[in-house]
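Enquirer: You'll find start-v8.cif just under this line, and it carries mmCIF, C-alpha atoms.
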data_input
#
loop_
_atom_site.label_atom_id
_atom_site.label_comp_id
_atom_site.auth_asym_id
_atom_site.auth_seq_id
_atom_site.Cartn_x
_atom_site.Cartn_y
_atom_site.Cartn_z
CA MET A 179 0.00 0.00 0.00
CA ARG A 180 2.87 2.36 0.72
CA GLN A 181 4.14 2.08 -2.83
CA TYR A 182 1.16 4.12 -4.03
CA ILE A 183 1.92 7.00 -1.62
CA GLU A 184 4.53 9.57 -2.55
CA ASP A 185 7.45 10.06 -0.19
CA GLU A 186 6.88 13.81 -0.03
CA PHE A 187 3.32 13.23 1.24
CA LEU A 188 4.56 10.86 3.94
CA LYS A 189 7.22 13.36 4.96
CA HIS A 190 4.72 16.16 5.48
CA LEU A 191 2.25 13.76 7.11
CA ARG A 192 4.80 12.90 9.81
CA VAL A 193 5.33 16.61 10.49
CA LEU A 194 1.58 17.24 10.65
CA VAL A 195 0.89 14.33 13.03
CA GLN A 196 3.68 15.41 15.39
CA ARG A 197 2.32 18.94 15.46
CA LEU A 198 -1.26 17.83 16.01
CA LEU A 199 -0.47 15.34 18.78
CA ALA A 200 2.30 17.24 20.55
CA PRO A 201 1.38 17.61 24.26
CA GLU A 202 1.80 21.38 24.15
CA ASN A 203 -0.64 21.60 21.22
CA LEU A 204 -3.35 19.36 22.66
CA VAL A 205 -6.37 21.36 23.82
CA LYS A 206 -9.02 20.04 26.18
CA LYS A 207 -12.16 19.55 24.13
CA GLU A 208 -15.34 21.26 25.32
CA PHE A 209 -18.92 21.34 24.17
CA GLY A 210 -21.20 24.07 25.39
CA GLY A 211 -18.54 25.18 27.86
CA GLN A 212 -18.40 21.72 29.44
CA PRO A 213 -15.33 19.46 29.11
CA ILE A 214 -16.09 16.22 27.29
CA LYS A 215 -14.48 12.79 27.29
CA ALA A 216 -13.23 10.78 24.33
CA ARG A 217 -16.42 8.70 24.42
CA ASP A 218 -18.57 11.84 24.15
CA LEU A 219 -16.40 13.24 21.37
CA PHE A 220 -16.87 10.02 19.43
CA ASN A 221 -20.65 10.28 19.89
CA PHE A 222 -20.52 13.87 18.61
CA PHE A 223 -18.67 12.78 15.47
CA LYS A 224 -21.11 9.93 14.91
CA THR A 225 -24.12 12.19 15.38
CA PHE A 226 -22.91 14.89 13.01
CA MET A 227 -21.86 12.31 10.41
CA GLU A 228 -25.54 11.40 10.17
CA VAL A 229 -26.28 15.02 9.27
CA PHE A 230 -23.73 15.25 6.48
CA LYS A 231 -24.09 11.76 5.05
CA ASP A 232 -26.51 12.97 2.35
CA ILE A 233 -25.52 14.88 -0.76
CA ASP A 234 -27.73 17.87 0.08
CA LEU A 235 -26.59 20.31 2.74
CA PRO A 236 -28.63 20.12 5.97
CA GLU A 237 -30.99 22.86 7.07
CA PRO A 238 -29.88 25.12 9.95
CA THR A 239 -32.74 23.78 12.09
CA THR A 240 -31.43 20.26 11.52
CA LEU A 241 -27.97 21.26 12.73
CA VAL A 242 -29.44 22.81 15.88
CA GLU A 243 -31.48 19.67 16.54
CA PHE A 244 -28.49 17.37 16.10
CA ALA A 245 -26.41 19.61 18.35
CA ALA A 246 -29.14 19.34 20.99
CA ARG A 247 -29.19 15.54 20.60
CA ALA A 248 -25.41 15.29 20.91
CA SER A 249 -25.36 17.56 23.95
CA SER A 250 -28.22 15.63 25.58
CA GLN A 251 -26.50 12.30 24.97
CA ALA A 252 -23.26 13.54 26.52
CA ALA A 253 -25.12 14.98 29.52
CA LEU A 254 -27.03 11.68 29.89
CA GLU A 255 -23.80 9.68 30.01
CA ALA A 256 -22.34 12.10 32.56
CA GLY A 257 -25.42 11.83 34.79
CA LYS A 258 -25.45 8.03 34.56
CA GLU A 259 -21.76 7.91 35.41
CA LEU A 260 -22.35 10.14 38.44
CA TYR A 261 -25.09 7.79 39.66
CA THR A 262 -22.95 4.69 39.05
CA GLU A 263 -19.99 6.07 40.98
CA ALA A 264 -22.20 6.97 43.95
CA MET A 265 -23.95 3.58 44.07
CA ASP A 266 -20.67 1.70 43.67
CA THR A 267 -19.40 3.53 46.74
CA LEU A 268 -22.50 2.44 48.69
CA VAL A 269 -23.10 -1.18 47.66
CA GLY A 270 -20.55 -2.07 44.98
CA GLY A 271 -17.66 -4.48 45.25
CA ASP A 272 -16.77 -5.44 48.80
CA ARG A 273 -19.15 -2.96 50.45
CA PRO A 274 -21.31 -4.55 53.21
CA PHE A 275 -25.05 -5.18 52.98
CA LEU A 276 -27.24 -2.05 53.06
CA LYS A 277 -30.80 -2.00 54.37
CA THR A 278 -33.44 -1.91 51.63
CA VAL A 279 -35.12 1.24 52.95
CA GLN A 280 -31.82 3.09 53.20
CA MET A 281 -30.77 1.89 49.76
CA GLU A 282 -34.02 3.14 48.20
CA ALA A 283 -33.53 6.52 49.86
CA GLU A 284 -29.96 6.76 48.56
CA HIS A 285 -31.16 5.71 45.11
CA GLU A 286 -33.71 8.52 44.98
CA LYS A 287 -31.16 11.05 46.20
CA GLU A 288 -28.50 10.01 43.67
CA LYS A 289 -31.11 9.82 40.92
CA GLN A 290 -32.10 13.43 41.53
CA ARG A 291 -28.42 14.41 41.55
CA ALA A 292 -27.92 12.69 38.20
CA ILE A 293 -30.95 14.47 36.71
CA ALA A 294 -29.72 17.82 38.05
CA SER A 295 -26.28 17.15 36.53
CA TYR A 296 -27.92 16.24 33.22
CA LEU A 297 -29.92 19.47 33.12
CA GLU A 298 -26.93 21.56 34.16
CA LYS A 299 -24.52 20.17 31.54
CA ASN A 300 -27.05 20.03 28.72
CA LYS A 301 -26.60 23.63 27.52
CA TYR A 302 -27.28 23.11 23.82
CA GLY A 303 -30.17 20.82 24.60
CA ARG A 304 -32.02 23.57 26.45
CA LYS A 305 -32.89 25.10 23.08
CA ASN A 306 -35.08 22.11 22.32
CA GLN A 307 -37.29 21.15 25.26
CA ARG A 308 -38.70 18.11 23.48
CA ILE A 309 -35.24 16.54 23.13
CA VAL A 310 -34.35 17.46 26.72
CA GLU A 311 -37.43 15.70 28.08
CA LYS A 312 -36.88 12.68 25.83
CA TYR A 313 -33.31 12.13 27.01
CA GLN A 314 -34.25 12.86 30.63
CA THR A 315 -36.87 10.11 30.46
CA GLN A 316 -34.24 7.80 28.97
CA LEU A 317 -31.83 8.69 31.79
CA GLU A 318 -34.43 7.91 34.45
CA GLU A 319 -35.24 4.55 32.82
CA GLU A 320 -31.58 3.56 32.59
CA ILE A 321 -30.97 4.58 36.22
CA ASP A 322 -33.94 2.47 37.34
CA LYS A 323 -32.51 -0.52 35.45
CA LEU A 324 -29.13 0.04 37.10
CA PHE A 325 -30.86 0.22 40.49
CA LEU A 326 -32.42 -3.22 39.98
CA LYS A 327 -28.95 -4.65 39.35
CA TYR A 328 -27.62 -2.95 42.48
CA VAL A 329 -30.55 -4.36 44.47
CA GLU A 330 -29.69 -7.89 43.32
CA GLN A 331 -26.03 -7.30 44.11
CA ASN A 332 -26.91 -5.97 47.56
CA GLU A 333 -29.35 -8.79 48.36
CA ALA A 334 -26.64 -11.32 47.53
CA LYS A 335 -24.68 -9.93 50.50
CA ASN A 336 -27.58 -10.44 52.91
CA VAL A 337 -26.45 -13.29 55.15
CA PHE A 338 -29.92 -13.84 56.61
CA LYS A 339 -31.55 -14.11 53.18
CA ALA A 340 -28.84 -16.51 52.04
CA ALA A 341 -29.56 -18.68 55.10
CA ARG A 342 -33.35 -18.46 54.68
CA THR A 343 -33.67 -21.59 52.55
CA PRO A 344 -31.75 -24.00 54.81
CA ALA A 345 -33.31 -22.48 57.95
CA THR A 346 -36.83 -22.83 56.49
CA LEU A 347 -36.26 -26.41 55.32
CA PHE A 348 -34.75 -27.41 58.66
CA SER A 349 -37.62 -25.77 60.59
CA VAL A 350 -40.27 -27.62 58.56
CA LEU A 351 -38.25 -30.83 58.90
CA MET A 352 -38.20 -30.46 62.69
CA LEU A 353 -41.93 -29.65 62.67
CA PHE A 354 -42.66 -32.92 60.87
CA TYR A 355 -40.37 -34.73 63.34
CA LEU A 356 -42.27 -33.34 66.36
CA LEU A 357 -45.65 -34.06 64.80
CA SER A 358 -44.55 -37.62 63.99
CA GLY A 359 -43.57 -38.18 67.63
CA ILE A 360 -46.82 -36.67 68.96
CA PHE A 361 -49.04 -38.69 66.63
CA GLY A 362 -47.03 -41.83 67.44
CA VAL A 363 -47.62 -41.34 71.17
CA PHE A 364 -51.40 -41.18 70.60
CA GLY A 365 -51.35 -44.22 68.34
CA LEU A 366 -52.12 -42.37 65.11
CA TYR A 367 -49.50 -44.33 63.18
CA PRO A 368 -50.80 -43.62 59.64
CA VAL A 369 -50.58 -39.86 60.28
CA ALA A 370 -47.18 -40.33 61.93
CA SER A 371 -46.01 -42.22 58.82
CA ILE A 372 -47.13 -39.32 56.60
CA CYS A 373 -45.15 -36.94 58.83
CA ASN A 374 -42.12 -39.21 58.52
CA MET A 375 -42.47 -39.12 54.75
CA GLY A 376 -42.65 -35.32 54.84
CA MET A 377 -39.60 -35.23 57.10
CA GLY A 378 -37.72 -37.45 54.65
CA ALA A 379 -38.75 -35.29 51.68
CA PHE A 380 -37.47 -32.10 53.32
CA LEU A 381 -34.28 -33.86 54.39
CA VAL A 382 -33.68 -34.80 50.74
CA MET A 383 -34.43 -31.21 49.66
CA LEU A 384 -32.00 -29.85 52.23
CA THR A 385 -29.30 -32.26 51.09
CA LEU A 386 -29.88 -31.41 47.42
CA TRP A 387 -29.78 -27.68 48.17
CA ALA A 388 -26.45 -28.05 49.98
CA TYR A 389 -25.05 -30.08 47.07
CA VAL A 390 -26.17 -27.51 44.49
CA ARG A 391 -24.65 -24.68 46.50
CA TYR A 392 -21.39 -26.56 46.94
CA SER A 393 -20.97 -27.96 43.42
CA GLY A 394 -22.76 -25.40 41.24
CA GLU A 395 -24.51 -28.20 39.35
CA TYR A 396 -28.29 -28.63 38.84
CA ARG A 397 -28.90 -24.92 39.36
CA ASP A 398 -32.52 -25.24 38.21
CA VAL A 399 -33.16 -27.67 41.06
CA GLY A 400 -31.59 -25.20 43.51
CA ILE A 401 -33.80 -22.38 42.18
CA TYR A 402 -36.90 -24.56 42.58
CA ILE A 403 -35.95 -25.43 46.18
CA ASP A 404 -35.37 -21.72 46.93
CA GLU A 405 -38.84 -20.92 45.56
CA VAL A 406 -40.43 -23.62 47.71
CA ALA A 407 -38.59 -22.35 50.78
CA SER A 408 -39.62 -18.74 50.05
CA PHE A 409 -43.26 -19.82 49.71
CA LEU A 410 -43.15 -21.69 53.02
CA TRP A 411 -41.41 -18.79 54.75
CA GLU A 412 -43.82 -16.13 53.50
CA ASN A 413 -47.01 -18.13 54.02
CA LEU A 414 -46.22 -20.32 57.06
CA LEU A 415 -43.20 -19.48 59.17
CA GLN A 416 -43.15 -15.69 58.88
CA PRO A 417 -46.84 -15.24 59.92
CA VAL A 418 -46.29 -17.61 62.87
CA TYR A 419 -43.14 -15.73 63.86
CA CYS A 420 -44.79 -12.31 63.58
CA THR A 421 -47.89 -13.44 65.49
CA TYR A 422 -46.45 -15.48 68.35
CA MET A 423 -42.72 -14.81 68.67
CA GLU A 424 -41.84 -11.32 67.47
CA LYS A 425 -43.61 -9.40 70.26
CA PRO A 426 -42.37 -11.63 73.14
CA LEU A 427 -38.81 -11.46 71.84
CA LYS A 428 -39.06 -7.70 71.43
CA ASP A 429 -40.48 -7.31 74.96
CA ALA A 430 -37.73 -9.52 76.37
CA ALA A 431 -35.07 -7.48 74.60
CA GLU A 432 -36.56 -4.20 75.85
CA GLN A 433 -36.78 -5.57 79.40
CA ALA A 434 -33.15 -6.73 79.29
CA ALA A 435 -32.06 -3.34 77.98
CA HIS A 436 -34.07 -1.60 80.71
CA GLN A 437 -32.48 -3.74 83.41
CA ALA A 438 -29.03 -3.09 82.00
CA MET A 439 -29.66 0.66 82.01
CA SER A 440 -31.01 0.52 85.56
CA SER A 441 -27.97 -1.45 86.72
CA ALA A 442 -25.62 1.03 85.05
CA ILE A 443 -27.37 3.97 86.72
CA THR A 444 -27.61 2.48 90.22
CA ALA A 445 -24.10 1.00 90.24
CA PRO A 446 -22.27 4.33 90.82
CA GLY A 447 -24.70 5.25 93.60
CA LYS A 448 -24.16 1.95 95.39
CA ALA A 449 -20.40 2.28 95.06
CA ALA A 450 -20.50 5.77 96.53
CA SER A 451 -22.67 4.65 99.46
CA ASN A 452 -20.34 1.73 100.15
CA ASN A 453 -17.35 4.07 100.20
CA ASN A 454 -19.14 6.38 102.65
CA THR A 455 -20.00 3.56 105.03
CA SER A 456 -16.46 2.19 104.93
CA LYS A 457 -14.89 5.50 106.03
CA PRO A 458 -14.22 5.69 109.83
CA HIS A 459 -16.05 8.48 111.74
CA LYS A 460 -13.90 10.99 113.55
CA SER A 461 -14.56 11.18 117.29
#
Translate the structure described by the file into structure tokens.
Expert:
Amino acid sequence: MRQYIEDEFLKHLRVLVQRLLAPENLVKKEFGGQPIKARDLFNFFKTFMEVFKDIDLPEPTTLVEFAARASSQAALEAGKELYTEAMDTLVGGDRPFLKTVQMEAEHEKEKQRAIASYLEKNKYGRKNQRIVEKYQTQLEEEIDKLFLKYVEQNEAKNVFKAARTPATLFSVLMLFYLLSGIFGVFGLYPVASICNMGMGAFLVMLTLWAYVRYSGEYRDVGIYIDEVASFLWENLLQPVYCTYMEKPLKDAAEQAAHQAMSSAITAPGKAASNNNTSKPHKS
């Protein structure tokens, strides 16, 4: 290919490239007074190439519209990046589990920040309100999709949710074991046999679930067992827990905390009184 290019052209091309790419000649690219990244610059080129791809020259209104689209796209990417950085700091990577309510509040706050950043940086887009609203809607939809991924990532760190399936299966297994013993005591052996069968079924499910988690094989079976455990937890164990156990446990915890506070308050007073009684009285 080089044989078809004149040496004089190559000579001047080397000079031109060195001048264009010299560090002292590189200028930070801006659009609408806002600095842009290489990705945004590429999107600008691609957008304006669509304008000039036809033989006829574009209308001035078309140029303004494409400038608004390019500016809106760049502002959208900047807003999405701002949201991603904030959420990565909260729940990304090795960050610990975050409560769902707190995560939703942070999501709404960072979403509003991203929208404000989009509107602030979208200077050319302000001339076309229709395009601004279109890209703002797109930004909100993309942020909501990102939030769903962060929710899944955060829930995977929830130790209690990860242990819900084995805990539920073991609880139902023990329930069948107790019922089998009770019915056996009263001579209801057919019912006790049914309970034993249920106990065996849940023991097999628990063993299969542990194997799937350990080996990574038969993932569909593991998903099915998780669904069964979630159904039992939401419709059987959780209502029983909320009705009969949650309030007594809460009352016991409050009573223990109250006793601890009372002991902490009265302990200095008792120590002071003991010191007073131990001092000898002067005659």
Enquirer: Decode the PyMOL selection byres ((chain A and resi 408) around 12) for the given file into explicit residues and return them as a VMD selection string.
Expert: chain A and resid 339 to 347 401 to 407 409 to 416
Enquirer: Please compute the atom CA of A:Val363-atom CA of A:Ser349 distance, one decimal, in Å.
Expert: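 Straight-line distance from atom CA of A:Val363 to atom CA of A:Ser349 works out to 21.3 Å.
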Enquirer: Report as number ranges by chain all protein, DNA and RNA residues lying within 12 Å of A:Phe220, evaluated on all atoms listed in the file, omitting residues in the same chain fewer than 4 positions from it.
Expert: A: 207, 214-216, 224-227, 248, 251-252
Enquirer: Using only C-alpha atoms, collect all residues at a distance of at most 9 Å from (-24.4, -2.7, 45.3) as written in the file, then present them as a PyMOL selection string.
Expert: chain A and resi 265-276+325+327-333+335
Enquirer: Applied to the shown file, which residues does the PyMOL selection byres ((chain A and resi 374) around 10) return, written as a ChimeraX atom specification?
Expert: /A:351,354-359,368-373,375-380
Enquirer: Would you mind reading off the distance between atom CA of A:Ile293 and atom CA of A:Leu241, one decimal, in Å?
Expert: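 If I compute the distance from atom CA of A:Ile293 to atom CA of A:Leu241, I get 25.1 Å.
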Enquirer: May I have the protein, DNA and RNA residues with an atom at most 10 Å from (-29.7, 21.1, 19.0), counting all atoms listed in the file in the file's coordinates, returned as a PDB file with C-alpha atoms, in the frame of the given file?
Expert:
ATOM      1  CA  PRO A 238     -29.880  25.120   9.950  1.00  0.00           C
ATOM      2  CA  THR A 239     -32.740  23.780  12.090  1.00  0.00           C
ATOM      3  CA  THR A 240     -31.430  20.260  11.520  1.00  0.00           C
ATOM      4  CA  LEU A 241     -27.970  21.260  12.730  1.00  0.00           C
ATOM      5  CA  VAL A 242     -29.440  22.810  15.880  1.00  0.00           C
ATOM      6  CA  GLU A 243     -31.480  19.670  16.540  1.00  0.00           C
ATOM      7  CA  PHE A 244     -28.490  17.370  16.100  1.00  0.00           C
ATOM      8  CA  ALA A 245     -26.410  19.610  18.350  1.00  0.00           C
ATOM      9  CA  ALA A 246     -29.140  19.340  20.990  1.00  0.00           C
ATOM     10  CA  ARG A 247     -29.190  15.540  20.600  1.00  0.00           C
ATOM     11  CA  ALA A 248     -25.410  15.290  20.910  1.00  0.00           C
ATOM     12  CA  SER A 249     -25.360  17.560  23.950  1.00  0.00           C
ATOM     13  CA  SER A 250     -28.220  15.630  25.580  1.00  0.00           C
ATOM     14  CA  LYS A 301     -26.600  23.630  27.520  1.00  0.00           C
ATOM     15  CA  TYR A 302     -27.280  23.110  23.820  1.00  0.00           C
ATOM     16  CA  GLY A 303     -30.170  20.820  24.600  1.00  0.00           C
ATOM     17  CA  ARG A 304     -32.020  23.570  26.450  1.00  0.00           C
ATOM     18  CA  LYS A 305     -32.890  25.100  23.080  1.00  0.00           C
ATOM     19  CA  ASN A 306     -35.080  22.110  22.320  1.00  0.00           C
ATOM     20  CA  GLN A 307     -37.290  21.150  25.260  1.00  0.00           C
ATOM     21  CA  ILE A 309     -35.240  16.540  23.130  1.00  0.00           C
ATOM     22  CA  VAL A 310     -34.350  17.460  26.720  1.00  0.00           C
TER      23      VAL A 310
END
Enquirer: Between A:Val382, A:Leu326, A:Tyr296, A:Thr262, single out the one closest to A:Glu282, counting all atoms listed in the file.
Expert: A:Leu326
Enquirer: Just so the selection is clear, what residues does the PyMOL selection byres ((chain A and resi 321) around 9) cover here, as a PDB file with C-alpha atoms, keeping the file's coordinate frame?
Expert:
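What landed in selection.pdb:
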ATOM      1  CA  LYS A 258     -25.450   8.030  34.560  1.00  0.00           C
ATOM      2  CA  TYR A 261     -25.090   7.790  39.660  1.00  0.00           C
ATOM      3  CA  THR A 262     -22.950   4.690  39.050  1.00  0.00           C
ATOM      4  CA  HIS A 285     -31.160   5.710  45.110  1.00  0.00           C
ATOM      5  CA  LYS A 289     -31.110   9.820  40.920  1.00  0.00           C
ATOM      6  CA  ALA A 292     -27.920  12.690  38.200  1.00  0.00           C
ATOM      7  CA  GLN A 316     -34.240   7.800  28.970  1.00  0.00           C
ATOM      8  CA  LEU A 317     -31.830   8.690  31.790  1.00  0.00           C
ATOM      9  CA  GLU A 318     -34.430   7.910  34.450  1.00  0.00           C
ATOM     10  CA  GLU A 319     -35.240   4.550  32.820  1.00  0.00           C
ATOM     11  CA  GLU A 320     -31.580   3.560  32.590  1.00  0.00           C
ATOM     12  CA  ASP A 322     -33.940   2.470  37.340  1.00  0.00           C
ATOM     13  CA  LYS A 323     -32.510  -0.520  35.450  1.00  0.00           C
ATOM     14  CA  LEU A 324     -29.130   0.040  37.100  1.00  0.00           C
ATOM     15  CA  PHE A 325     -30.860   0.220  40.490  1.00  0.00           C
ATOM     16  CA  LEU A 326     -32.420  -3.220  39.980  1.00  0.00           C
TER      17      LEU A 326
END
Enquirer: What does the distance from atom CA of A:His190 to atom CA of A:Asn203 come to in Å, to one decimal?
Expert: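 Atom-to-atom, atom CA of A:His190 to atom CA of A:Asn203, that is 17.5 Å.
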